[in-house]
file final.txt (compact mmCIF, C-alpha atoms)
# COMPACT_ATOMS: atom_id res chain seq x y z
CA MET D 1 82.85 -124.57 52.19
CA ALA D 2 82.46 -121.46 50.00
CA GLN D 3 80.04 -118.82 51.18
CA ALA D 4 76.97 -118.03 49.10
CA PRO D 5 77.24 -114.62 47.47
CA HIS D 6 75.22 -111.66 48.72
CA ASN D 7 73.53 -109.96 45.78
CA PHE D 8 72.99 -106.20 45.53
CA ASP D 9 72.09 -103.57 42.96
CA VAL D 10 75.14 -101.42 43.74
CA LEU D 11 78.37 -101.97 45.70
CA ILE D 12 80.00 -98.89 47.22
CA SER D 13 83.63 -99.13 48.29
CA GLY D 14 84.11 -96.48 50.96
CA GLY D 15 81.71 -95.55 53.75
CA GLY D 16 82.79 -91.96 54.35
CA LEU D 17 80.80 -88.80 53.69
CA VAL D 18 80.47 -89.38 49.94
CA GLY D 19 79.96 -93.15 50.03
CA LEU D 20 77.30 -93.15 52.74
CA THR D 21 75.43 -90.21 51.18
CA LEU D 22 75.36 -92.13 47.90
CA ALA D 23 73.99 -95.18 49.70
CA LEU D 24 71.15 -93.09 51.17
CA ALA D 25 70.33 -91.56 47.78
CA LEU D 26 70.24 -94.95 46.04
CA ASP D 27 68.13 -96.43 48.83
CA GLN D 28 65.68 -93.56 48.45
CA GLY D 29 65.43 -94.54 44.78
CA GLY D 30 64.61 -98.14 45.68
CA LEU D 31 68.00 -99.78 45.06
CA LYS D 32 69.62 -102.38 47.31
CA VAL D 33 73.08 -101.19 48.33
CA ALA D 34 76.17 -102.62 50.04
CA VAL D 35 78.71 -100.26 51.64
CA ILE D 36 82.19 -101.60 52.40
CA ASP D 37 84.56 -99.67 54.65
CA ARG D 38 87.82 -100.76 56.25
CA LEU D 39 87.22 -98.72 59.41
CA PRO D 40 84.70 -99.73 62.07
CA ALA D 41 81.82 -97.31 62.50
CA ALA D 42 83.06 -96.43 66.00
CA ASP D 43 86.33 -95.06 64.57
CA LEU D 44 84.56 -93.12 61.82
CA LEU D 45 82.33 -91.47 64.39
CA GLU D 46 85.09 -90.55 66.83
CA GLU D 47 85.24 -86.80 67.39
CA THR D 48 89.02 -86.86 66.94
CA PHE D 49 88.94 -88.79 63.65
CA ASP D 50 88.76 -85.65 61.51
CA GLY D 51 89.43 -82.06 62.52
CA ARG D 52 87.80 -80.55 59.47
CA ALA D 53 84.54 -78.76 58.85
CA THR D 54 82.72 -78.34 55.56
CA ALA D 55 81.38 -75.21 53.89
CA MET D 56 78.35 -76.96 52.42
CA GLY D 57 76.75 -75.01 49.59
CA PHE D 58 73.04 -74.31 49.72
CA ALA D 59 72.37 -76.76 46.87
CA THR D 60 74.17 -79.67 48.52
CA TYR D 61 72.46 -78.86 51.83
CA ARG D 62 69.13 -79.21 50.03
CA MET D 63 70.15 -82.77 49.23
CA MET D 64 70.86 -83.44 52.90
CA GLN D 65 67.37 -82.21 53.68
CA SER D 66 65.83 -84.39 50.96
CA LEU D 67 67.64 -87.47 52.27
CA GLY D 68 66.54 -86.91 55.87
CA VAL D 69 70.09 -86.21 57.04
CA ALA D 70 69.80 -82.52 57.90
CA SER D 71 67.38 -83.19 60.74
CA HIS D 72 70.08 -85.24 62.52
CA ILE D 73 72.90 -82.72 62.12
CA GLY D 74 71.88 -80.27 64.82
CA GLU D 75 73.98 -77.11 64.99
CA VAL D 76 74.84 -75.48 61.69
CA GLN D 77 76.24 -72.01 61.03
CA PRO D 78 74.85 -70.14 58.03
CA ILE D 79 77.38 -68.39 55.81
CA GLU D 80 75.84 -64.98 55.23
CA GLN D 81 78.69 -63.39 53.34
CA ILE D 82 82.07 -64.27 51.82
CA LEU D 83 84.94 -61.76 51.72
CA VAL D 84 88.01 -62.48 49.58
CA SER D 85 91.08 -60.26 49.73
CA ASP D 86 94.72 -60.24 48.68
CA GLY D 87 96.84 -59.75 51.78
CA ARG D 88 100.41 -59.48 52.99
CA ILE D 89 101.24 -60.40 56.57
CA SER D 90 103.99 -57.79 56.64
CA SER D 91 101.49 -54.99 56.01
CA PRO D 92 101.56 -52.86 59.21
CA SER D 93 98.10 -51.49 58.53
CA ARG D 94 96.27 -54.78 58.21
CA LYS D 95 98.39 -57.73 59.36
CA GLY D 96 96.26 -60.10 57.32
CA GLY D 97 92.99 -58.27 57.86
CA PRO D 98 90.57 -57.30 55.10
CA SER D 99 92.17 -55.17 52.41
CA SER D 100 90.70 -52.04 50.85
CA LEU D 101 89.90 -53.99 47.68
CA THR D 102 87.83 -57.01 48.64
CA LEU D 103 85.59 -59.29 46.61
CA HIS D 104 82.39 -59.86 48.53
CA PHE D 105 79.12 -61.63 47.81
CA ASP D 106 76.12 -62.90 49.73
CA HIS D 107 72.91 -64.91 49.27
CA ARG D 108 71.03 -62.00 47.67
CA GLU D 109 73.08 -62.50 44.53
CA THR D 110 72.34 -66.21 44.08
CA GLY D 111 68.63 -66.09 43.30
CA ALA D 112 68.13 -68.69 46.05
CA GLY D 113 65.61 -66.71 48.06
CA ASP D 114 66.28 -66.68 51.79
CA GLU D 115 68.84 -69.50 51.67
CA PRO D 116 72.32 -68.43 52.85
CA LEU D 117 75.34 -68.98 50.60
CA GLY D 118 75.98 -72.18 52.51
CA TRP D 119 76.31 -73.77 55.90
CA MET D 120 79.41 -74.45 57.97
CA ILE D 121 79.11 -77.93 59.51
CA GLU D 122 81.73 -79.87 61.45
CA ASN D 123 82.47 -83.10 59.57
CA ARG D 124 81.91 -85.20 62.67
CA ARG D 125 78.32 -83.91 62.82
CA ILE D 126 77.76 -84.86 59.19
CA ARG D 127 79.14 -88.36 59.83
CA LEU D 128 76.91 -88.84 62.87
CA ALA D 129 73.86 -87.66 60.93
CA LEU D 130 74.59 -89.97 57.98
CA ASP D 131 75.08 -92.89 60.36
CA LYS D 132 71.79 -92.24 62.15
CA GLU D 133 69.83 -92.01 58.91
CA ALA D 134 71.52 -95.06 57.34
CA ALA D 135 70.57 -97.12 60.40
CA THR D 136 66.90 -96.57 59.51
CA ARG D 137 67.23 -97.79 55.90
CA SER D 138 66.53 -101.46 55.23
CA GLY D 139 68.00 -101.23 51.72
CA ILE D 140 71.51 -100.44 52.99
CA THR D 141 73.84 -103.19 54.27
CA ARG D 142 77.15 -102.05 55.76
CA PHE D 143 80.25 -104.24 55.89
CA ALA D 144 82.63 -102.60 58.37
CA PRO D 145 85.29 -103.10 59.43
CA ASP D 146 86.00 -104.96 56.22
CA GLU D 147 87.61 -104.34 52.86
CA ILE D 148 87.78 -105.79 49.40
CA ASP D 149 90.45 -108.47 49.12
CA ASP D 150 89.79 -109.23 45.46
CA LEU D 151 87.58 -107.62 42.83
CA ARG D 152 86.55 -109.35 39.61
CA ILE D 153 84.94 -107.28 36.87
CA ASP D 154 83.12 -109.60 34.46
CA THR D 155 80.84 -109.04 31.50
CA GLY D 156 77.62 -109.30 33.50
CA GLN D 157 78.56 -108.33 37.06
CA VAL D 158 81.24 -107.41 39.56
CA THR D 159 82.23 -109.80 42.34
CA ALA D 160 83.95 -108.51 45.46
CA ARG D 161 85.55 -110.95 47.87
CA LEU D 162 86.01 -109.31 51.26
CA LYS D 163 88.76 -110.05 53.76
CA SER D 164 86.10 -111.45 56.05
CA GLY D 165 85.40 -114.11 53.39
CA LYS D 166 82.03 -112.67 52.34
CA ILE D 167 81.29 -112.50 48.63
CA LEU D 168 79.25 -109.61 47.24
CA THR D 169 77.92 -109.26 43.70
CA ALA D 170 76.20 -106.44 41.82
CA PRO D 171 75.88 -105.03 38.29
CA VAL D 172 78.09 -102.06 39.25
CA ILE D 173 80.61 -100.94 41.86
CA VAL D 174 81.36 -97.34 42.86
CA GLY D 175 84.80 -96.33 44.09
CA ALA D 176 84.28 -93.71 46.82
CA GLU D 177 87.30 -94.44 49.04
CA GLY D 178 89.19 -91.21 48.38
CA ARG D 179 92.43 -90.51 46.57
CA GLY D 180 93.94 -93.96 47.10
CA SER D 181 90.90 -95.70 45.62
CA TYR D 182 91.29 -99.48 45.39
CA VAL D 183 88.46 -99.71 42.86
CA ARG D 184 90.08 -97.11 40.61
CA LYS D 185 93.38 -98.97 40.62
CA LYS D 186 91.71 -102.36 40.07
CA ALA D 187 89.81 -100.95 37.09
CA GLY D 188 93.07 -99.69 35.59
CA ILE D 189 92.04 -96.03 35.62
CA ARG D 190 95.02 -93.70 35.51
CA THR D 191 95.29 -90.40 37.34
CA TYR D 192 97.21 -87.26 36.52
CA GLY D 193 98.09 -84.28 38.65
CA TRP D 194 100.78 -82.55 40.62
CA ALA D 195 101.82 -81.51 44.12
CA TYR D 196 101.76 -77.86 45.19
CA ASP D 197 104.63 -77.88 47.71
CA GLN D 198 102.00 -76.71 50.18
CA THR D 199 100.60 -78.29 53.31
CA GLY D 200 97.06 -77.75 54.52
CA ILE D 201 96.82 -76.93 58.24
CA VAL D 202 93.35 -77.36 59.72
CA THR D 203 92.08 -76.51 63.17
CA THR D 204 89.28 -74.73 65.02
CA VAL D 205 89.72 -71.54 67.02
CA ALA D 206 87.63 -69.61 69.54
CA MET D 207 87.45 -65.85 69.01
CA GLU D 208 86.69 -62.94 71.28
CA ASN D 209 84.39 -61.16 68.81
CA SER D 210 81.50 -62.45 66.70
CA HIS D 211 82.26 -63.41 63.10
CA GLN D 212 78.67 -62.44 62.14
CA GLY D 213 78.43 -65.36 59.75
CA VAL D 214 81.13 -63.96 57.46
CA ALA D 215 83.69 -66.27 55.80
CA HIS D 216 87.07 -64.69 55.04
CA GLU D 217 89.69 -65.88 52.59
CA TYR D 218 93.03 -64.11 52.39
CA PHE D 219 95.37 -64.82 49.53
CA LEU D 220 98.74 -64.65 51.26
CA PRO D 221 102.08 -65.09 49.45
CA THR D 222 102.58 -68.58 50.88
CA GLY D 223 99.03 -69.73 50.17
CA PRO D 224 95.38 -69.03 51.00
CA PHE D 225 94.22 -68.61 54.59
CA ALA D 226 90.50 -69.13 55.27
CA ILE D 227 88.48 -68.22 58.39
CA LEU D 228 85.19 -70.12 58.18
CA PRO D 229 82.47 -69.30 60.75
CA LEU D 230 81.21 -71.93 63.18
CA MET D 231 78.71 -71.73 66.00
CA HIS D 232 79.51 -69.97 69.30
CA HIS D 233 82.25 -67.48 68.28
CA ARG D 234 84.32 -70.25 66.73
CA ALA D 235 85.85 -70.66 63.30
CA ASN D 236 87.39 -73.43 61.26
CA ILE D 237 90.81 -72.54 59.86
CA VAL D 238 92.07 -73.89 56.53
CA TRP D 239 95.62 -72.61 56.24
CA SER D 240 97.83 -73.38 53.24
CA GLU D 241 101.55 -72.95 53.81
CA LYS D 242 104.70 -73.92 51.97
CA THR D 243 105.60 -77.40 53.18
CA SER D 244 108.95 -76.41 54.73
CA ARG D 245 107.29 -73.59 56.67
CA ALA D 246 104.34 -75.78 57.68
CA LYS D 247 106.67 -78.28 59.36
CA ALA D 248 108.07 -75.52 61.55
CA LEU D 249 104.60 -74.21 62.39
CA LEU D 250 103.33 -77.66 63.33
CA ALA D 251 106.27 -78.10 65.71
CA MET D 252 105.42 -74.92 67.63
CA SER D 253 103.88 -74.77 71.09
CA ARG D 254 100.20 -73.82 71.27
CA PRO D 255 100.92 -70.24 72.48
CA ASP D 256 103.42 -69.66 69.64
CA LEU D 257 101.02 -71.08 67.04
CA GLU D 258 98.25 -68.85 68.39
CA GLN D 259 100.54 -65.85 67.86
CA GLU D 260 101.08 -66.91 64.25
CA LEU D 261 97.33 -67.20 63.81
CA ALA D 262 96.83 -63.74 65.31
CA ARG D 263 99.25 -62.26 62.78
CA ARG D 264 97.02 -63.53 59.99
CA PHE D 265 93.72 -62.68 61.65
CA GLY D 266 94.50 -59.09 62.52
CA ASP D 267 92.54 -57.70 65.46
CA PHE D 268 89.00 -57.30 64.11
CA LEU D 269 87.90 -60.65 65.64
CA GLY D 270 89.66 -60.04 68.94
CA ALA D 271 91.83 -62.57 70.75
CA VAL D 272 92.22 -65.98 69.08
CA LYS D 273 92.69 -69.26 70.95
CA LEU D 274 93.07 -72.80 69.63
CA ASP D 275 89.94 -74.83 70.36
CA ALA D 276 90.81 -78.20 68.75
CA PRO D 277 93.75 -80.38 67.71
CA VAL D 278 95.77 -79.21 64.69
CA TRP D 279 95.70 -81.40 61.60
CA SER D 280 97.75 -81.30 58.41
CA TYR D 281 97.87 -82.94 54.99
CA PRO D 282 99.83 -82.41 51.75
CA LEU D 283 98.07 -80.44 49.02
CA SER D 284 97.93 -81.67 45.45
CA MET D 285 95.74 -82.01 42.40
CA GLU D 286 94.76 -85.54 41.34
CA LEU D 287 92.23 -86.18 38.58
CA ALA D 288 91.11 -89.54 37.20
CA ALA D 289 91.51 -89.96 33.45
CA THR D 290 87.94 -91.27 33.28
CA TRP D 291 85.15 -91.61 35.82
CA ALA D 292 83.41 -94.57 34.23
CA LYS D 293 84.33 -97.93 32.76
CA PRO D 294 82.07 -100.93 32.23
CA ARG D 295 80.65 -101.85 35.68
CA VAL D 296 82.77 -99.21 37.47
CA ALA D 297 82.10 -95.60 38.45
CA LEU D 298 84.13 -93.19 40.58
CA ALA D 299 82.82 -90.48 42.90
CA GLY D 300 84.32 -87.89 45.23
CA ASP D 301 88.08 -87.74 45.75
CA ALA D 302 88.50 -91.07 43.97
CA ALA D 303 87.62 -89.12 40.80
CA HIS D 304 88.96 -85.66 41.62
CA GLY D 305 91.14 -84.35 44.42
CA ILE D 306 91.59 -80.57 44.26
CA HIS D 307 93.20 -77.76 46.26
CA PRO D 308 90.99 -76.54 49.15
CA ILE D 309 91.31 -72.92 48.01
CA ALA D 310 87.59 -72.66 47.13
CA GLY D 311 86.31 -75.01 49.84
CA GLN D 312 84.57 -77.12 47.21
CA GLY D 313 86.13 -80.58 47.66
CA LEU D 314 83.25 -82.28 49.49
CA ASN D 315 80.66 -80.26 47.60
CA LEU D 316 82.02 -81.68 44.34
CA GLY D 317 81.74 -85.19 45.76
CA LEU D 318 78.16 -84.63 46.92
CA LYS D 319 77.24 -83.27 43.48
CA ASP D 320 78.66 -86.51 42.06
CA VAL D 321 76.35 -88.39 44.42
CA ALA D 322 73.27 -86.49 43.24
CA ALA D 323 74.05 -87.07 39.56
CA LEU D 324 75.10 -90.72 39.87
CA ALA D 325 72.12 -91.66 42.03
CA GLU D 326 69.69 -90.04 39.59
CA VAL D 327 71.28 -91.79 36.59
CA LEU D 328 71.22 -95.22 38.25
CA VAL D 329 67.67 -94.87 39.60
CA GLU D 330 66.40 -93.77 36.18
CA ALA D 331 68.27 -96.63 34.50
CA ARG D 332 66.62 -99.13 36.84
CA GLY D 333 63.21 -97.61 36.04
CA LEU D 334 63.89 -98.10 32.33
CA GLY D 335 65.04 -101.69 32.83
CA GLN D 336 68.61 -100.91 31.80
CA ASP D 337 71.76 -102.67 33.02
CA LEU D 338 73.15 -100.45 35.78
CA GLY D 339 76.72 -101.37 34.93
CA ASP D 340 76.46 -100.72 31.19
CA LEU D 341 79.02 -98.15 30.04
CA ALA D 342 76.33 -96.16 28.22
CA VAL D 343 74.53 -95.68 31.56
CA LEU D 344 77.63 -94.80 33.56
CA GLU D 345 78.94 -92.48 30.86
CA ARG D 346 75.78 -90.38 31.21
CA TYR D 347 76.86 -89.72 34.78
CA ALA D 348 80.46 -88.95 33.77
CA GLN D 349 79.38 -86.50 31.07
CA TRP D 350 76.98 -84.78 33.46
CA ARG D 351 79.70 -84.08 36.01
CA ARG D 352 82.79 -83.68 33.86
CA THR D 353 82.48 -80.06 32.71
CA ASP D 354 81.56 -78.60 36.10
CA THR D 355 84.35 -80.48 37.87
CA MET D 356 87.06 -79.74 35.33
CA THR D 357 86.12 -76.06 35.23
CA LEU D 358 86.40 -75.78 39.00
CA ALA D 359 89.60 -77.84 39.19
CA ILE D 360 91.34 -75.71 36.56
CA SER D 361 90.08 -72.50 38.20
CA CYS D 362 91.37 -73.58 41.62
CA ASP D 363 94.76 -74.44 40.17
CA ALA D 364 94.96 -71.08 38.39
CA PHE D 365 94.06 -69.20 41.60
CA VAL D 366 96.72 -71.09 43.57
CA ARG D 367 99.41 -70.21 41.03
CA LEU D 368 98.26 -66.61 40.60
CA PHE D 369 97.92 -65.75 44.29
CA SER D 370 100.59 -67.86 46.02
CA ASN D 371 103.40 -65.40 45.36
CA ASP D 372 104.48 -61.90 46.33
CA ILE D 373 105.60 -60.53 42.96
CA ALA D 374 104.75 -56.81 43.10
CA PRO D 375 103.32 -56.29 39.55
CA VAL D 376 101.25 -59.49 39.77
CA ARG D 377 100.05 -58.52 43.25
CA ALA D 378 98.92 -55.11 42.02
CA LEU D 379 97.04 -56.55 39.05
CA ARG D 380 95.25 -59.26 41.03
CA THR D 381 94.24 -56.84 43.78
CA LEU D 382 92.85 -54.48 41.16
CA GLY D 383 91.10 -57.46 39.57
CA LEU D 384 89.33 -58.31 42.83
CA GLY D 385 88.07 -54.74 43.04
CA ILE D 386 86.85 -54.76 39.42
CA VAL D 387 85.01 -58.08 39.83
CA ASP D 388 83.44 -56.81 43.03
CA ALA D 389 82.04 -53.81 41.16
CA ILE D 390 80.35 -55.96 38.48
CA GLY D 391 77.06 -57.47 39.61
CA PRO D 392 76.92 -60.38 37.10
CA ALA D 393 80.47 -61.41 38.06
CA ARG D 394 79.58 -61.44 41.74
CA ARG D 395 76.45 -63.50 40.98
CA PHE D 396 78.58 -65.98 39.01
CA PHE D 397 80.93 -66.54 41.96
CA ALA D 398 78.06 -66.67 44.46
CA SER D 399 76.29 -69.36 42.43
CA HIS D 400 79.49 -71.41 42.29
CA ALA D 401 79.96 -71.03 46.04
CA GLY D 402 76.43 -72.29 46.62
CA GLY D 403 76.79 -75.20 44.18
CA ALA D 404 73.91 -74.11 41.95
CA VAL D 405 75.68 -74.10 38.59
CA GLY D 406 74.68 -76.01 35.48
CA ASP D 407 72.02 -78.67 35.05
CA LEU D 408 71.23 -79.54 38.66
CA PRO D 409 70.19 -83.10 39.61
CA ARG D 410 66.88 -83.43 41.40
CA LEU D 411 68.43 -83.91 44.84
CA LEU D 412 70.32 -80.61 44.52
CA ARG D 413 66.99 -78.92 43.77
CA GLY D 414 65.60 -80.32 47.01
CA GLU D 415 63.52 -83.07 45.36
CA ARG D 416 63.36 -86.77 46.16
CA LEU D 417 64.28 -89.73 43.95
CA GLY D 418 62.51 -92.75 42.54
CA ALA D 419 60.39 -95.43 44.07
CA ASN D 420 60.35 -94.05 47.61
CA ALA D 421 59.76 -90.43 46.60

call {"tool": "encode", "arguments": {"input": "final.txt", "output": "structure tokens"}}
result
Amino acid sequence: MAQAPHNFDVLISGGGLVGLTLALALDQGGLKVAVIDRLPAADLLEETFDGRATAMGFATYRMMQSLGVASHIGEVQPIEQILVSDGRISSPSRKGGPSSLTLHFDHRETGAGDEPLGWMIENRRIRLALDKEAATRSGITRFAPDEIDDLRIDTGQVTARLKSGKILTAPVIVGAEGRGSYVRKKAGIRTYGWAYDQTGIVTTVAMENSHQGVAHEYFLPTGPFAILPLMHHRANIVWSEKTSRAKALLAMSRPDLEQELARRFGDFLGAVKLDAPVWSYPLSMELAATWAKPRVALAGDAAHGIHPIAGQGLNLGLKDVAALAEVLVEARGLGQDLGDLAVLERYAQWRRTDTMTLAISCDAFVRLFSNDIAPVRALRTLGLGIVDAIGPARRFFASHAGGAVGDLPRLLRGERLGANA
């Protein structure tokens, strides 16, 4: 006997950081939401599931506060300053340390008052906080572990048949499952992009000296190397290396890998010890040709996967959440069909320029800085010094780092949405 369908306002495929944040935002606006994820909640919340941390901009952190998530997170490390320099490991004077020409900016240049540039938060803490808040929301139903076995996109609704046999219907479905998005493929949305022949190495280290809330990014010939401050003299490392070299690094013993890290750190933070497992993933650019089709929208990495050089991947996804939630809640208030292309295209247009600008900028920085060509190195180092000397340029980069660029959705301004506001 066929099961009766479960009816919702919005289906979200993917219950990770982006998908669950979107569910909370839509629930705050009074919409009934289903979240489908193939992993059980216990696996998602395992400390070893993800070794990464997020540099959350001050604007996206405002959204976490508005949604009631920030109160569950616990320890967060403010980013007081960002230092960017062009380095060479072979330099005997610095060994990867700050160069004489460094681009620096802090919260005083953002116009955000006393807010820091951002907050460093371990991803596992964000997941736990989202889970705790979602458990209090009656408008969110989670189907996990489960996944969509078949998706039908009709004129008036979408129908998702899950592997468990459950049938879910809604006016619209959002693909938020990451780069391999099932919803994106089912909707026939193409992607374009390229690989960088780089591998991202991610881990956490404990340091002898205090980082003082300063985030460092060195542009080394093989790729950027970021030291991102965490609580208790710890830092998250996002290390981009050529893929062939990364394989050799990942095969090293812990003491040998710590020596490689020390070469890049220099000595200003003291001794460096690994404090977590080491993770790796291939680096590439992948952009969806469109973010919206009738009854389908994409958010997060399902729409745009970029190089981690600027630390903006999750921030971009959370900005998608803020814009999409506002568009859908307003459409419901006006009595509009949530899956109508005219509604969903408002969301796509809102986010397209900001995302494409950042994606192109990240790609240009990767290509410009991931080499050791002497004339290019001299020009880019001089360029960092020139930008650092120009106040408006520093303010531009600081605003981008904090996520406060363009026409901000209400959630990114720290406001609440819709019926439950």

call {"tool": "atom_distance", "arguments": {"input": "final.txt", "atom1": "CA of Ala331 (chain D)", "atom2": "CA of Arg346 (chain D)"}}
result
10.3 Å

call {"tool": "atom_distance", "arguments": {"input": "final.txt", "atom1": "CA of Ala55 (chain D)", "atom2": "CA of Gly313 (chain D)"}}
result
9.5 Å

call {"tool": "residues_around", "arguments": {"input": "final.txt", "residues": "region 190-202 of chain D", "least_positions_apart": "3", "cutoff": "6 Å", "atoms": "all atoms listed in the file", "output": "ChimeraX atom specification"}}
result
/D:237-243,278-289

call {"tool": "atom_distance", "arguments": {"input": "final.txt", "atom1": "CA of Phe225 (chain D)", "atom2": "CA of Leu318 (chain D)"}}
result
23.9 Å

call {"tool": "axis_aligned_box", "arguments": {"input": "final.txt", "around": "region 112-130 of chain D", "padding_each_side": "6 Å", "output": "lines of an AutoDock Vina configuration file"}}
result
center_x = 74.0
center_y = -78.3
center_z = 54.5
size_x = 28.9
size_y = 35.3
size_z = 28.8

call {"tool": "closest_residue", "arguments": {"input": "final.txt", "among": "D:Glu326, D:Arg124, D:Lys166, D:Ala297", "to": "Lys186 (chain D)", "atoms": "all atoms listed in the file"}}
result
D:Ala297

call {"tool": "closest_residue", "arguments": {"input": "final.txt", "among": "D:Ala170, D:Ile140, D:Leu230, D:Leu39", "to": "Trp119 (chain D)", "atoms": "only C-alpha atoms"}}
result
D:Leu230

call {"tool": "residues_around", "arguments": {"input": "final.txt", "residues": "Lys273 (chain D)", "least_positions_apart": "4", "cutoff": "10 Å", "atoms": "only C-alpha atoms", "output": "list of chain:residue names"}}
result
D:Thr204, D:Val205, D:Ala206, D:Met207, D:Glu208, D:Arg234, D:Arg254, D:Pro255, D:Leu257, D:Glu258, D:Gln259, D:Leu261, D:Ala262

call {"tool": "write_last_selection", "arguments": {"input": "final.txt", "atoms": "C-alpha atoms", "output": "mmCIF file, in the frame of the given file"}}
result
data_model
loop_
_atom_site.group_PDB
_atom_site.id
_atom_site.type_symbol
_atom_site.label_atom_id
_atom_site.label_comp_id
_atom_site.auth_asym_id
_atom_site.auth_seq_id
_atom_site.Cartn_x
_atom_site.Cartn_y
_atom_site.Cartn_z
ATOM 1 C CA THR D 204 89.280 -74.730 65.020
ATOM 2 C CA VAL D 205 89.720 -71.540 67.020
ATOM 3 C CA ALA D 206 87.630 -69.610 69.540
ATOM 4 C CA MET D 207 87.450 -65.850 69.010
ATOM 5 C CA GLU D 208 86.690 -62.940 71.280
ATOM 6 C CA ARG D 234 84.320 -70.250 66.730
ATOM 7 C CA ARG D 254 100.200 -73.820 71.270
ATOM 8 C CA PRO D 255 100.920 -70.240 72.480
ATOM 9 C CA LEU D 257 101.020 -71.080 67.040
ATOM 10 C CA GLU D 258 98.250 -68.850 68.390
ATOM 11 C CA GLN D 259 100.540 -65.850 67.860
ATOM 12 C CA LEU D 261 97.330 -67.200 63.810
ATOM 13 C CA ALA D 262 96.830 -63.740 65.310
#

call {"tool": "residues_around", "arguments": {"input": "final.txt", "residues": "region 70-83 of chain D", "least_positions_apart": "6", "cutoff": "9 Å", "atoms": "all atoms listed in the file", "output": "ChimeraX atom specification"}}
result
/D:55,61-64,98,102-107,115-122,125-130,132-133,212-218,228-231,398

call {"tool": "residues_around", "arguments": {"input": "final.txt", "residues": "Lys293 (chain D)", "least_positions_apart": "3", "cutoff": "10 Å", "atoms": "only C-alpha atoms", "output": "list in words"}}
result
Val172, Arg184, Ala187, Gly188, Ile189, Thr290, Val296, Ala297, Leu298, Gly339, Asp340, Leu341, Ala342, Leu344, Glu345 and Ala348 of chain D
